[in-house]
>>> print(open('entry.cif').read())   # mmCIF, N, CA and C atoms
data_query
#
loop_
_atom_site.label_atom_id
_atom_site.label_comp_id
_atom_site.auth_asym_id
_atom_site.auth_seq_id
_atom_site.Cartn_x
_atom_site.Cartn_y
_atom_site.Cartn_z
N MET O 10 -8.84 -11.14 -0.08
CA MET O 10 -8.61 -9.75 0.27
C MET O 10 -9.42 -9.39 1.50
N PHE O 11 -8.92 -8.43 2.26
CA PHE O 11 -9.68 -7.92 3.38
C PHE O 11 -9.31 -6.47 3.62
N TRP O 12 -10.18 -5.77 4.31
CA TRP O 12 -9.96 -4.36 4.62
C TRP O 12 -9.51 -4.23 6.06
N LEU O 13 -8.52 -3.42 6.27
CA LEU O 13 -8.10 -3.06 7.62
C LEU O 13 -8.37 -1.57 7.73
N LEU O 14 -9.30 -1.21 8.59
CA LEU O 14 -9.65 0.20 8.72
C LEU O 14 -8.86 0.82 9.85
N LEU O 15 -8.13 1.86 9.54
CA LEU O 15 -7.38 2.60 10.53
C LEU O 15 -8.01 3.99 10.60
N LEU O 16 -9.05 4.12 11.35
CA LEU O 16 -9.81 5.37 11.38
C LEU O 16 -9.59 6.08 12.69
N LYS O 17 -8.35 6.35 13.00
CA LYS O 17 -8.00 7.02 14.25
C LYS O 17 -8.66 8.39 14.31
N GLY O 18 -9.42 8.60 15.34
CA GLY O 18 -10.02 9.91 15.54
C GLY O 18 -11.18 10.22 14.62
N GLN O 19 -11.65 9.27 13.84
CA GLN O 19 -12.77 9.53 12.94
C GLN O 19 -14.04 8.93 13.51
N ASP O 20 -15.16 9.55 13.17
CA ASP O 20 -16.46 9.02 13.55
C ASP O 20 -16.83 7.93 12.56
N MET O 21 -16.66 6.68 12.98
CA MET O 21 -16.91 5.54 12.09
C MET O 21 -18.37 5.49 11.66
N THR O 22 -19.29 5.90 12.53
CA THR O 22 -20.71 5.88 12.20
C THR O 22 -21.00 6.79 11.01
N ARG O 23 -20.41 7.97 11.00
CA ARG O 23 -20.62 8.90 9.89
C ARG O 23 -20.10 8.31 8.59
N THR O 24 -18.95 7.66 8.64
CA THR O 24 -18.36 7.08 7.43
C THR O 24 -19.25 5.96 6.89
N ILE O 25 -19.68 5.05 7.74
CA ILE O 25 -20.53 3.94 7.31
C ILE O 25 -21.88 4.45 6.82
N ASP O 26 -22.50 5.39 7.56
CA ASP O 26 -23.78 5.93 7.13
C ASP O 26 -23.65 6.63 5.79
N GLY O 27 -22.54 7.34 5.58
CA GLY O 27 -22.31 8.01 4.30
C GLY O 27 -22.20 7.02 3.16
N LEU O 28 -21.53 5.91 3.39
CA LEU O 28 -21.40 4.90 2.36
C LEU O 28 -22.75 4.27 2.02
N LYS O 29 -23.57 3.99 3.06
CA LYS O 29 -24.87 3.36 2.84
C LYS O 29 -25.82 4.29 2.09
N SER O 30 -25.73 5.58 2.37
CA SER O 30 -26.67 6.52 1.76
C SER O 30 -26.26 6.93 0.35
N GLY O 31 -25.03 6.61 -0.04
CA GLY O 31 -24.56 7.01 -1.36
C GLY O 31 -24.05 8.43 -1.40
N LYS O 32 -23.96 9.09 -0.24
CA LYS O 32 -23.44 10.45 -0.20
C LYS O 32 -21.96 10.45 -0.55
N THR O 33 -21.52 11.56 -1.12
CA THR O 33 -20.11 11.71 -1.42
C THR O 33 -19.38 12.04 -0.13
N LEU O 34 -18.39 11.24 0.19
CA LEU O 34 -17.59 11.49 1.38
C LEU O 34 -16.41 12.37 1.02
N SER O 35 -15.85 13.02 2.03
CA SER O 35 -14.67 13.82 1.78
C SER O 35 -13.50 12.92 1.40
N SER O 36 -12.48 13.53 0.89
CA SER O 36 -11.29 12.80 0.46
C SER O 36 -10.70 12.01 1.62
N MET O 37 -10.29 10.78 1.33
CA MET O 37 -9.68 9.92 2.34
C MET O 37 -8.25 9.59 1.93
N ARG O 38 -7.42 9.29 2.93
CA ARG O 38 -6.06 8.80 2.68
C ARG O 38 -6.13 7.28 2.65
N ILE O 39 -5.92 6.71 1.48
CA ILE O 39 -6.08 5.27 1.26
C ILE O 39 -4.75 4.68 0.81
N THR O 40 -4.36 3.58 1.44
CA THR O 40 -3.16 2.86 1.03
C THR O 40 -3.54 1.46 0.57
N GLN O 41 -3.00 1.09 -0.58
CA GLN O 41 -3.13 -0.27 -1.10
C GLN O 41 -1.77 -0.94 -0.87
N VAL O 42 -1.78 -2.18 -0.41
CA VAL O 42 -0.53 -2.94 -0.21
C VAL O 42 -0.58 -4.15 -1.12
N VAL O 43 0.43 -4.26 -1.97
CA VAL O 43 0.46 -5.34 -2.96
C VAL O 43 1.92 -5.71 -3.23
N GLN O 44 2.13 -6.92 -3.72
CA GLN O 44 3.51 -7.40 -3.92
C GLN O 44 4.25 -6.71 -5.05
N GLY O 45 3.57 -6.09 -5.98
CA GLY O 45 4.22 -5.37 -7.07
C GLY O 45 3.18 -4.71 -7.94
N LEU O 46 3.63 -3.97 -8.94
CA LEU O 46 2.74 -3.28 -9.87
C LEU O 46 3.27 -3.43 -11.30
N PRO O 47 2.37 -3.33 -12.28
CA PRO O 47 2.82 -3.33 -13.67
C PRO O 47 3.70 -2.08 -13.91
N PRO O 48 4.61 -2.07 -14.81
CA PRO O 48 4.88 -3.12 -15.78
C PRO O 48 5.83 -4.21 -15.25
N GLU O 49 6.47 -3.95 -14.09
CA GLU O 49 7.42 -4.94 -13.57
C GLU O 49 6.73 -6.25 -13.18
N ASN O 50 5.54 -6.15 -12.63
CA ASN O 50 4.77 -7.31 -12.20
C ASN O 50 3.39 -7.26 -12.87
N PRO O 51 3.23 -7.94 -14.00
CA PRO O 51 1.99 -7.83 -14.77
C PRO O 51 0.91 -8.86 -14.40
N GLY O 52 0.86 -9.29 -13.15
CA GLY O 52 -0.14 -10.28 -12.75
C GLY O 52 -1.51 -9.67 -12.54
N GLY O 53 -2.50 -10.52 -12.33
CA GLY O 53 -3.89 -10.09 -12.18
C GLY O 53 -4.12 -9.16 -10.99
N THR O 54 -3.62 -9.54 -9.82
CA THR O 54 -3.80 -8.70 -8.63
C THR O 54 -3.11 -7.37 -8.82
N GLU O 55 -1.92 -7.38 -9.40
CA GLU O 55 -1.17 -6.16 -9.61
C GLU O 55 -1.89 -5.21 -10.56
N ILE O 56 -2.46 -5.75 -11.63
CA ILE O 56 -3.22 -4.93 -12.58
C ILE O 56 -4.47 -4.37 -11.90
N TYR O 57 -5.15 -5.21 -11.13
CA TYR O 57 -6.35 -4.78 -10.41
C TYR O 57 -6.02 -3.61 -9.48
N VAL O 58 -4.94 -3.73 -8.70
CA VAL O 58 -4.57 -2.67 -7.76
C VAL O 58 -4.22 -1.39 -8.49
N ALA O 59 -3.51 -1.48 -9.59
CA ALA O 59 -3.17 -0.28 -10.36
C ALA O 59 -4.43 0.43 -10.84
N HIS O 60 -5.40 -0.32 -11.35
CA HIS O 60 -6.66 0.29 -11.81
C HIS O 60 -7.46 0.85 -10.63
N LEU O 61 -7.50 0.13 -9.53
CA LEU O 61 -8.23 0.60 -8.35
C LEU O 61 -7.61 1.88 -7.80
N ALA O 62 -6.30 1.92 -7.68
CA ALA O 62 -5.62 3.11 -7.17
C ALA O 62 -5.89 4.32 -8.07
N ARG O 63 -5.82 4.12 -9.38
CA ARG O 63 -6.08 5.21 -10.32
C ARG O 63 -7.53 5.69 -10.18
N ALA O 64 -8.48 4.77 -10.08
CA ALA O 64 -9.89 5.15 -9.97
C ALA O 64 -10.16 5.91 -8.67
N LEU O 65 -9.58 5.45 -7.58
CA LEU O 65 -9.77 6.14 -6.30
C LEU O 65 -9.15 7.54 -6.34
N ALA O 66 -7.97 7.66 -6.95
CA ALA O 66 -7.33 8.97 -7.07
C ALA O 66 -8.18 9.91 -7.93
N ARG O 67 -8.77 9.40 -8.98
CA ARG O 67 -9.63 10.23 -9.84
C ARG O 67 -10.88 10.70 -9.11
N ARG O 68 -11.28 9.95 -8.10
CA ARG O 68 -12.44 10.37 -7.29
C ARG O 68 -12.06 11.36 -6.21
N GLY O 69 -10.79 11.76 -6.18
CA GLY O 69 -10.34 12.79 -5.26
C GLY O 69 -9.68 12.29 -3.99
N HIS O 70 -9.45 11.00 -3.89
CA HIS O 70 -8.80 10.46 -2.70
C HIS O 70 -7.29 10.56 -2.82
N ASN O 71 -6.62 10.64 -1.68
CA ASN O 71 -5.17 10.65 -1.62
C ASN O 71 -4.73 9.20 -1.51
N VAL O 72 -4.25 8.63 -2.61
CA VAL O 72 -3.97 7.20 -2.69
C VAL O 72 -2.47 6.95 -2.75
N SER O 73 -2.04 5.96 -1.98
CA SER O 73 -0.66 5.49 -2.07
C SER O 73 -0.68 3.97 -2.17
N VAL O 74 0.32 3.45 -2.86
CA VAL O 74 0.47 2.00 -3.01
C VAL O 74 1.84 1.64 -2.44
N PHE O 75 1.85 0.74 -1.48
CA PHE O 75 3.09 0.24 -0.89
C PHE O 75 3.36 -1.12 -1.51
N SER O 76 4.51 -1.26 -2.18
CA SER O 76 4.78 -2.52 -2.87
C SER O 76 6.26 -2.86 -2.81
N ARG O 77 6.56 -4.03 -3.29
CA ARG O 77 7.93 -4.52 -3.32
C ARG O 77 8.58 -4.17 -4.65
N GLY O 78 9.83 -3.74 -4.56
CA GLY O 78 10.67 -3.60 -5.74
C GLY O 78 11.73 -4.69 -5.67
N ALA O 79 12.36 -4.99 -6.77
CA ALA O 79 13.39 -6.04 -6.79
C ALA O 79 14.51 -5.64 -7.75
N ASP O 80 15.26 -4.62 -7.37
CA ASP O 80 16.35 -4.13 -8.20
C ASP O 80 17.68 -4.51 -7.55
N SER O 81 18.37 -5.46 -8.12
CA SER O 81 19.62 -5.94 -7.54
C SER O 81 20.73 -4.88 -7.55
N ARG O 82 20.53 -3.80 -8.31
CA ARG O 82 21.53 -2.72 -8.35
C ARG O 82 21.38 -1.76 -7.17
N CYS O 83 20.25 -1.83 -6.45
CA CYS O 83 19.98 -0.93 -5.33
C CYS O 83 20.20 -1.63 -4.00
N PRO O 84 20.47 -0.86 -2.96
CA PRO O 84 20.62 -1.48 -1.64
C PRO O 84 19.33 -2.16 -1.20
N GLU O 85 19.50 -3.25 -0.49
CA GLU O 85 18.35 -3.98 0.04
C GLU O 85 17.59 -3.08 1.03
N TYR O 86 16.27 -3.10 0.96
CA TYR O 86 15.35 -2.37 1.82
C TYR O 86 15.31 -0.86 1.56
N LEU O 87 15.95 -0.41 0.49
CA LEU O 87 15.85 0.99 0.09
C LEU O 87 14.42 1.26 -0.37
N THR O 88 13.86 2.40 0.01
CA THR O 88 12.53 2.77 -0.49
C THR O 88 12.67 3.93 -1.46
N ASP O 89 11.84 3.92 -2.47
CA ASP O 89 11.74 5.05 -3.37
C ASP O 89 10.27 5.31 -3.63
N THR O 90 9.98 6.54 -4.02
CA THR O 90 8.60 6.94 -4.27
C THR O 90 8.51 7.54 -5.66
N VAL O 91 7.51 7.09 -6.41
CA VAL O 91 7.23 7.64 -7.73
C VAL O 91 5.75 7.97 -7.80
N GLU O 92 5.43 8.95 -8.61
CA GLU O 92 4.04 9.31 -8.86
C GLU O 92 3.60 8.63 -10.15
N ARG O 93 2.42 8.04 -10.12
CA ARG O 93 1.92 7.31 -11.29
C ARG O 93 0.40 7.46 -11.35
N ASP O 94 -0.11 7.98 -12.44
CA ASP O 94 -1.56 8.06 -12.68
C ASP O 94 -2.34 8.71 -11.53
N GLY O 95 -1.74 9.70 -10.87
CA GLY O 95 -2.44 10.42 -9.82
C GLY O 95 -2.28 9.84 -8.42
N TYR O 96 -1.46 8.83 -8.25
CA TYR O 96 -1.24 8.25 -6.92
C TYR O 96 0.25 8.00 -6.71
N SER O 97 0.64 7.84 -5.46
CA SER O 97 2.04 7.60 -5.10
C SER O 97 2.31 6.11 -4.99
N VAL O 98 3.45 5.69 -5.51
CA VAL O 98 3.89 4.31 -5.37
C VAL O 98 5.17 4.33 -4.53
N ILE O 99 5.12 3.66 -3.39
CA ILE O 99 6.26 3.54 -2.52
C ILE O 99 6.76 2.11 -2.65
N ARG O 100 7.98 1.97 -3.18
CA ARG O 100 8.54 0.63 -3.40
C ARG O 100 9.65 0.37 -2.40
N LEU O 101 9.57 -0.77 -1.76
CA LEU O 101 10.60 -1.22 -0.83
C LEU O 101 11.42 -2.28 -1.55
N ASN O 102 12.69 -2.02 -1.75
CA ASN O 102 13.53 -2.96 -2.50
C ASN O 102 13.80 -4.20 -1.64
N ASN O 103 13.39 -5.33 -2.15
CA ASN O 103 13.58 -6.60 -1.44
C ASN O 103 13.86 -7.69 -2.47
N THR O 104 15.14 -7.98 -2.65
CA THR O 104 15.55 -9.00 -3.61
C THR O 104 15.70 -10.37 -2.95
N PHE O 105 15.39 -10.44 -1.67
CA PHE O 105 15.51 -11.67 -0.87
C PHE O 105 16.97 -12.11 -0.71
N SER O 106 17.90 -11.22 -0.99
CA SER O 106 19.32 -11.60 -0.90
C SER O 106 19.80 -11.74 0.55
N HIS O 107 19.07 -11.21 1.51
CA HIS O 107 19.48 -11.28 2.91
C HIS O 107 18.73 -12.35 3.71
N LEU O 108 18.05 -13.23 3.03
CA LEU O 108 17.29 -14.26 3.74
C LEU O 108 18.21 -15.35 4.28
N ARG O 109 18.11 -15.57 5.59
CA ARG O 109 18.85 -16.68 6.19
C ARG O 109 18.00 -17.94 6.21
N ASP O 110 16.69 -17.74 6.25
CA ASP O 110 15.76 -18.87 6.16
C ASP O 110 14.44 -18.39 5.57
N PHE O 111 13.62 -19.35 5.15
CA PHE O 111 12.39 -19.04 4.43
C PHE O 111 11.43 -18.15 5.23
N SER O 112 11.41 -18.28 6.54
CA SER O 112 10.47 -17.50 7.36
C SER O 112 10.68 -16.00 7.20
N LEU O 113 11.90 -15.58 6.87
CA LEU O 113 12.15 -14.15 6.67
C LEU O 113 11.51 -13.61 5.39
N SER O 114 11.00 -14.49 4.55
CA SER O 114 10.30 -14.01 3.36
C SER O 114 8.91 -13.48 3.71
N TYR O 115 8.39 -13.85 4.87
CA TYR O 115 7.07 -13.36 5.29
C TYR O 115 7.05 -12.80 6.70
N LEU O 116 8.07 -13.01 7.50
CA LEU O 116 8.17 -12.44 8.85
C LEU O 116 9.50 -11.69 8.95
N ASN O 117 9.59 -10.58 8.26
CA ASN O 117 10.84 -9.84 8.19
C ASN O 117 10.75 -8.59 9.05
N PRO O 118 11.53 -8.51 10.14
CA PRO O 118 11.43 -7.35 11.04
C PRO O 118 11.84 -6.04 10.38
N VAL O 119 12.75 -6.07 9.43
CA VAL O 119 13.15 -4.83 8.75
C VAL O 119 12.00 -4.30 7.91
N ILE O 120 11.35 -5.19 7.18
CA ILE O 120 10.21 -4.77 6.37
C ILE O 120 9.07 -4.28 7.27
N ALA O 121 8.83 -4.97 8.36
CA ALA O 121 7.78 -4.55 9.30
C ALA O 121 8.08 -3.14 9.83
N GLN O 122 9.34 -2.88 10.15
CA GLN O 122 9.73 -1.56 10.64
C GLN O 122 9.53 -0.50 9.56
N ARG O 123 9.96 -0.78 8.34
CA ARG O 123 9.81 0.19 7.25
C ARG O 123 8.34 0.46 6.94
N PHE O 124 7.52 -0.59 6.99
CA PHE O 124 6.09 -0.39 6.74
C PHE O 124 5.48 0.44 7.87
N GLY O 125 5.89 0.21 9.10
CA GLY O 125 5.42 1.02 10.23
C GLY O 125 5.81 2.48 10.07
N GLU O 126 7.04 2.73 9.64
CA GLU O 126 7.49 4.10 9.41
C GLU O 126 6.66 4.76 8.31
N PHE O 127 6.38 4.01 7.25
CA PHE O 127 5.54 4.50 6.16
C PHE O 127 4.16 4.89 6.71
N LEU O 128 3.55 4.02 7.54
CA LEU O 128 2.23 4.32 8.11
C LEU O 128 2.28 5.55 9.00
N ASP O 129 3.35 5.71 9.78
CA ASP O 129 3.48 6.88 10.65
C ASP O 129 3.53 8.18 9.85
N VAL O 130 4.18 8.14 8.70
CA VAL O 130 4.30 9.35 7.86
C VAL O 130 3.02 9.60 7.08
N ARG O 131 2.50 8.60 6.40
CA ARG O 131 1.33 8.76 5.53
C ARG O 131 0.02 8.86 6.30
N ARG O 132 -0.06 8.18 7.43
CA ARG O 132 -1.25 8.18 8.28
C ARG O 132 -2.53 7.86 7.49
N PRO O 133 -2.55 6.73 6.79
CA PRO O 133 -3.75 6.41 6.01
C PRO O 133 -4.94 6.13 6.90
N GLN O 134 -6.12 6.42 6.38
CA GLN O 134 -7.36 6.10 7.08
C GLN O 134 -7.83 4.69 6.75
N ILE O 135 -7.46 4.24 5.57
CA ILE O 135 -7.80 2.87 5.15
C ILE O 135 -6.54 2.23 4.58
N VAL O 136 -6.29 0.99 4.99
CA VAL O 136 -5.20 0.19 4.43
C VAL O 136 -5.83 -1.07 3.87
N HIS O 137 -5.63 -1.32 2.58
CA HIS O 137 -6.22 -2.46 1.90
C HIS O 137 -5.10 -3.39 1.47
N PHE O 138 -5.03 -4.57 2.07
CA PHE O 138 -4.01 -5.57 1.73
C PHE O 138 -4.56 -6.49 0.64
N HIS O 139 -3.76 -6.72 -0.37
CA HIS O 139 -4.17 -7.61 -1.48
C HIS O 139 -3.33 -8.86 -1.44
#
>>> encode(input="entry.cif", output="structure tokens")
Amino acid sequence: MFWLLLLKGQDMTRTIDGLKSGKTLSSMRITQVVQGLPPENPGGTEIYVAHLARALARRGHNVSVFSRGADSRCPEYLTDTVERDGYSVIRLNNTFSHLRDFSLSYLNPVIAQRFGEFLDVRRPQIVHFH
């Protein structure tokens, strides 16, 4: 795991100093990116992200989770949003039905575009990829 900080227009020094001192920081817009969430995907990382998102939301942060959905009844690349345990889950439907070759499973321009659009709308200050 690694953190990608998108702190456009924020004083990074204040944020880091606040974390070191234990001071309560103001609410942040935080996005978690994971391949899926329970109950559809009951793996370890997925469970961890669900608990982390809920805990961050309970601390007053605006939390969203961007994840993959896999519903063959829905159009490919359709996004839907649901509220769960105090945070938003944005699912991008990807059943891999449009793959012409394996590289599109990890270098998909449509998914990259949709994720960029999501970032433009949500404007998270922190994006955490799992």
>>> closest_residue(input="entry.cif", among="O:Glu92, O:Ala66, O:Thr54, O:Leu101", to="Ala121 in chain O", atoms="only C-alpha atoms")
O:Leu101
>>> resolve_selection(input="entry.cif", expression="the PyMOL selection byres ((chain O and resi 87) around 6.5)", output="short mmCIF file (atom, residue, chain, number, x, y, z; two decimals) with N, CA and C atoms, in the coordinates of the input")
data_model
loop_
_atom_site.label_atom_id
_atom_site.label_comp_id
_atom_site.auth_asym_id
_atom_site.auth_seq_id
_atom_site.Cartn_x
_atom_site.Cartn_y
_atom_site.Cartn_z
N CYS O 83 20.25 -1.83 -6.45
CA CYS O 83 19.98 -0.93 -5.33
C CYS O 83 20.20 -1.63 -4.00
N PRO O 84 20.47 -0.86 -2.96
CA PRO O 84 20.62 -1.48 -1.64
C PRO O 84 19.33 -2.16 -1.20
N GLU O 85 19.50 -3.25 -0.49
CA GLU O 85 18.35 -3.98 0.04
C GLU O 85 17.59 -3.08 1.03
N TYR O 86 16.27 -3.10 0.96
CA TYR O 86 15.35 -2.37 1.82
C TYR O 86 15.31 -0.86 1.56
N THR O 88 13.86 2.40 0.01
CA THR O 88 12.53 2.77 -0.49
C THR O 88 12.67 3.93 -1.46
N ASP O 89 11.84 3.92 -2.47
CA ASP O 89 11.74 5.05 -3.37
C ASP O 89 10.27 5.31 -3.63
N ARG O 100 7.98 1.97 -3.18
CA ARG O 100 8.54 0.63 -3.40
C ARG O 100 9.65 0.37 -2.40
N LEU O 101 9.57 -0.77 -1.76
CA LEU O 101 10.60 -1.22 -0.83
C LEU O 101 11.42 -2.28 -1.55
N ASN O 102 12.69 -2.02 -1.75
CA ASN O 102 13.53 -2.96 -2.50
C ASN O 102 13.80 -4.20 -1.64
N ASN O 103 13.39 -5.33 -2.15
CA ASN O 103 13.58 -6.60 -1.44
C ASN O 103 13.86 -7.69 -2.47
#
>>> select_by_dssp(input="entry.cif", residues="range 10-137 of chain O", states="strand (DSSP E or B)", output="PDB file with N, CA and C atoms, in the frame of the given file")
ATOM      1  N   PHE O  11      -8.920  -8.430   2.260  1.00  0.00           N
ATOM      2  CA  PHE O  11      -9.680  -7.920   3.380  1.00  0.00           C
ATOM      3  C   PHE O  11      -9.310  -6.470   3.620  1.00  0.00           C
ATOM      4  N   TRP O  12     -10.180  -5.770   4.310  1.00  0.00           N
ATOM      5  CA  TRP O  12      -9.960  -4.360   4.620  1.00  0.00           C
ATOM      6  C   TRP O  12      -9.510  -4.230   6.060  1.00  0.00           C
ATOM      7  N   LEU O  13      -8.520  -3.420   6.270  1.00  0.00           N
ATOM      8  CA  LEU O  13      -8.100  -3.060   7.620  1.00  0.00           C
ATOM      9  C   LEU O  13      -8.370  -1.570   7.730  1.00  0.00           C
ATOM     10  N   LEU O  14      -9.300  -1.210   8.590  1.00  0.00           N
ATOM     11  CA  LEU O  14      -9.650   0.200   8.720  1.00  0.00           C
ATOM     12  C   LEU O  14      -8.860   0.820   9.850  1.00  0.00           C
ATOM     13  N   ARG O  38      -7.420   9.290   2.930  1.00  0.00           N
ATOM     14  CA  ARG O  38      -6.060   8.800   2.680  1.00  0.00           C
ATOM     15  C   ARG O  38      -6.130   7.280   2.650  1.00  0.00           C
ATOM     16  N   ILE O  39      -5.920   6.710   1.480  1.00  0.00           N
ATOM     17  CA  ILE O  39      -6.080   5.270   1.260  1.00  0.00           C
ATOM     18  C   ILE O  39      -4.750   4.680   0.810  1.00  0.00           C
ATOM     19  N   THR O  40      -4.360   3.580   1.440  1.00  0.00           N
ATOM     20  CA  THR O  40      -3.160   2.860   1.030  1.00  0.00           C
ATOM     21  C   THR O  40      -3.540   1.460   0.570  1.00  0.00           C
ATOM     22  N   GLN O  41      -3.000   1.090  -0.580  1.00  0.00           N
ATOM     23  CA  GLN O  41      -3.130  -0.270  -1.100  1.00  0.00           C
ATOM     24  C   GLN O  41      -1.770  -0.940  -0.870  1.00  0.00           C
ATOM     25  N   VAL O  42      -1.780  -2.180  -0.410  1.00  0.00           N
ATOM     26  CA  VAL O  42      -0.530  -2.940  -0.210  1.00  0.00           C
ATOM     27  C   VAL O  42      -0.580  -4.150  -1.120  1.00  0.00           C
ATOM     28  N   VAL O  43       0.430  -4.260  -1.970  1.00  0.00           N
ATOM     29  CA  VAL O  43       0.460  -5.340  -2.960  1.00  0.00           C
ATOM     30  C   VAL O  43       1.920  -5.710  -3.230  1.00  0.00           C
ATOM     31  N   ASN O  71      -6.620  10.640  -1.680  1.00  0.00           N
ATOM     32  CA  ASN O  71      -5.170  10.650  -1.620  1.00  0.00           C
ATOM     33  C   ASN O  71      -4.730   9.200  -1.510  1.00  0.00           C
ATOM     34  N   VAL O  72      -4.250   8.630  -2.610  1.00  0.00           N
ATOM     35  CA  VAL O  72      -3.970   7.200  -2.690  1.00  0.00           C
ATOM     36  C   VAL O  72      -2.470   6.950  -2.750  1.00  0.00           C
ATOM     37  N   SER O  73      -2.040   5.960  -1.980  1.00  0.00           N
ATOM     38  CA  SER O  73      -0.660   5.490  -2.070  1.00  0.00           C
ATOM     39  C   SER O  73      -0.680   3.970  -2.170  1.00  0.00           C
ATOM     40  N   VAL O  74       0.320   3.450  -2.860  1.00  0.00           N
ATOM     41  CA  VAL O  74       0.470   2.000  -3.010  1.00  0.00           C
ATOM     42  C   VAL O  74       1.840   1.640  -2.440  1.00  0.00           C
ATOM     43  N   PHE O  75       1.850   0.740  -1.480  1.00  0.00           N
ATOM     44  CA  PHE O  75       3.090   0.240  -0.890  1.00  0.00           C
ATOM     45  C   PHE O  75       3.360  -1.120  -1.510  1.00  0.00           C
ATOM     46  N   SER O  76       4.510  -1.260  -2.180  1.00  0.00           N
ATOM     47  CA  SER O  76       4.780  -2.520  -2.870  1.00  0.00           C
ATOM     48  C   SER O  76       6.260  -2.860  -2.810  1.00  0.00           C
ATOM     49  N   ARG O  77       6.560  -4.030  -3.290  1.00  0.00           N
ATOM     50  CA  ARG O  77       7.930  -4.520  -3.320  1.00  0.00           C
ATOM     51  C   ARG O  77       8.580  -4.170  -4.650  1.00  0.00           C
ATOM     52  N   GLY O  78       9.830  -3.740  -4.560  1.00  0.00           N
ATOM     53  CA  GLY O  78      10.670  -3.600  -5.740  1.00  0.00           C
ATOM     54  C   GLY O  78      11.730  -4.690  -5.670  1.00  0.00           C
ATOM     55  N   THR O  88      13.860   2.400   0.010  1.00  0.00           N
ATOM     56  CA  THR O  88      12.530   2.770  -0.490  1.00  0.00           C
ATOM     57  C   THR O  88      12.670   3.930  -1.460  1.00  0.00           C
ATOM     58  N   ASP O  89      11.840   3.920  -2.470  1.00  0.00           N
ATOM     59  CA  ASP O  89      11.740   5.050  -3.370  1.00  0.00           C
ATOM     60  C   ASP O  89      10.270   5.310  -3.630  1.00  0.00           C
ATOM     61  N   THR O  90       9.980   6.540  -4.020  1.00  0.00           N
ATOM     62  CA  THR O  90       8.600   6.940  -4.270  1.00  0.00           C
ATOM     63  C   THR O  90       8.510   7.540  -5.660  1.00  0.00           C
ATOM     64  N   VAL O  91       7.510   7.090  -6.410  1.00  0.00           N
ATOM     65  CA  VAL O  91       7.230   7.640  -7.730  1.00  0.00           C
ATOM     66  C   VAL O  91       5.750   7.970  -7.800  1.00  0.00           C
ATOM     67  N   GLU O  92       5.430   8.950  -8.610  1.00  0.00           N
ATOM     68  CA  GLU O  92       4.040   9.310  -8.860  1.00  0.00           C
ATOM     69  C   GLU O  92       3.600   8.630 -10.150  1.00  0.00           C
ATOM     70  N   ARG O  93       2.420   8.040 -10.120  1.00  0.00           N
ATOM     71  CA  ARG O  93       1.920   7.310 -11.290  1.00  0.00           C
ATOM     72  C   ARG O  93       0.400   7.460 -11.350  1.00  0.00           C
ATOM     73  N   TYR O  96      -1.460   8.830  -8.250  1.00  0.00           N
ATOM     74  CA  TYR O  96      -1.240   8.250  -6.920  1.00  0.00           C
ATOM     75  C   TYR O  96       0.250   8.000  -6.710  1.00  0.00           C
ATOM     76  N   SER O  97       0.640   7.840  -5.460  1.00  0.00           N
ATOM     77  CA  SER O  97       2.040   7.600  -5.100  1.00  0.00           C
ATOM     78  C   SER O  97       2.310   6.110  -4.990  1.00  0.00           C
ATOM     79  N   VAL O  98       3.450   5.690  -5.510  1.00  0.00           N
ATOM     80  CA  VAL O  98       3.890   4.310  -5.370  1.00  0.00           C
ATOM     81  C   VAL O  98       5.170   4.330  -4.530  1.00  0.00           C
ATOM     82  N   ILE O  99       5.120   3.660  -3.390  1.00  0.00           N
ATOM     83  CA  ILE O  99       6.260   3.540  -2.520  1.00  0.00           C
ATOM     84  C   ILE O  99       6.760   2.110  -2.650  1.00  0.00           C
ATOM     85  N   ARG O 100       7.980   1.970  -3.180  1.00  0.00           N
ATOM     86  CA  ARG O 100       8.540   0.630  -3.400  1.00  0.00           C
ATOM     87  C   ARG O 100       9.650   0.370  -2.400  1.00  0.00           C
ATOM     88  N   LEU O 101       9.570  -0.770  -1.760  1.00  0.00           N
ATOM     89  CA  LEU O 101      10.600  -1.220  -0.830  1.00  0.00           C
ATOM     90  C   LEU O 101      11.420  -2.280  -1.550  1.00  0.00           C
ATOM     91  N   ASN O 102      12.690  -2.020  -1.750  1.00  0.00           N
ATOM     92  CA  ASN O 102      13.530  -2.960  -2.500  1.00  0.00           C
ATOM     93  C   ASN O 102      13.800  -4.200  -1.640  1.00  0.00           C
ATOM     94  N   ILE O 135      -7.460   4.240   5.570  1.00  0.00           N
ATOM     95  CA  ILE O 135      -7.800   2.870   5.150  1.00  0.00           C
ATOM     96  C   ILE O 135      -6.540   2.230   4.580  1.00  0.00           C
ATOM     97  N   VAL O 136      -6.290   0.990   4.990  1.00  0.00           N
ATOM     98  CA  VAL O 136      -5.200   0.190   4.430  1.00  0.00           C
ATOM     99  C   VAL O 136      -5.830  -1.070   3.870  1.00  0.00           C
ATOM    100  N   HIS O 137      -5.630  -1.320   2.580  1.00  0.00           N
ATOM    101  CA  HIS O 137      -6.220  -2.460   1.900  1.00  0.00           C
ATOM    102  C   HIS O 137      -5.100  -3.390   1.470  1.00  0.00           C
TER     103      HIS O 137
END
>>> atom_distance(input="entry.cif", atom1="CA of Ser76 in chain O", atom2="CA of Met37 in chain O")
19.8 Å
>>> closest_residue(input="entry.cif", among="O:Asn50, O:Gly95, O:Leu116, O:Arg123", to="Arg63 in chain O", atoms="only N, CA and C atoms")
O:Gly95
>>> atom_distance(input="entry.cif", atom1="CA of Phe138 in chain O", atom2="CA of Gln41 in chain O")
6.1 Å
>>> atom_distance(input="entry.cif", atom1="CA of Ile135 in chain O", atom2="CA of Val72 in chain O")
9.7 Å
>>> select_by_dssp(input="entry.cif", residues="chain O", states="helix (DSSP H, G or I)", output="PyMOL selection string")
chain O and resi 21-30+53-67+111-114+118-131
>>> closest_residue(input="entry.cif", among="O:Gly53, O:Asp129, O:Asn71, O:Ala59", to="Ile39 in chain O", atoms="only N, CA and C atoms")
O:Asn71
>>> axis_aligned_box(input="entry.cif", around="range 120-125 of chain O", padding_each_side="6 Å", output="lines of an AutoDock Vina configuration file")
center_x = 8.4
center_y = -1.4
center_z = 8.5
size_x = 17.9
size_y = 19.7
size_z = 16.3
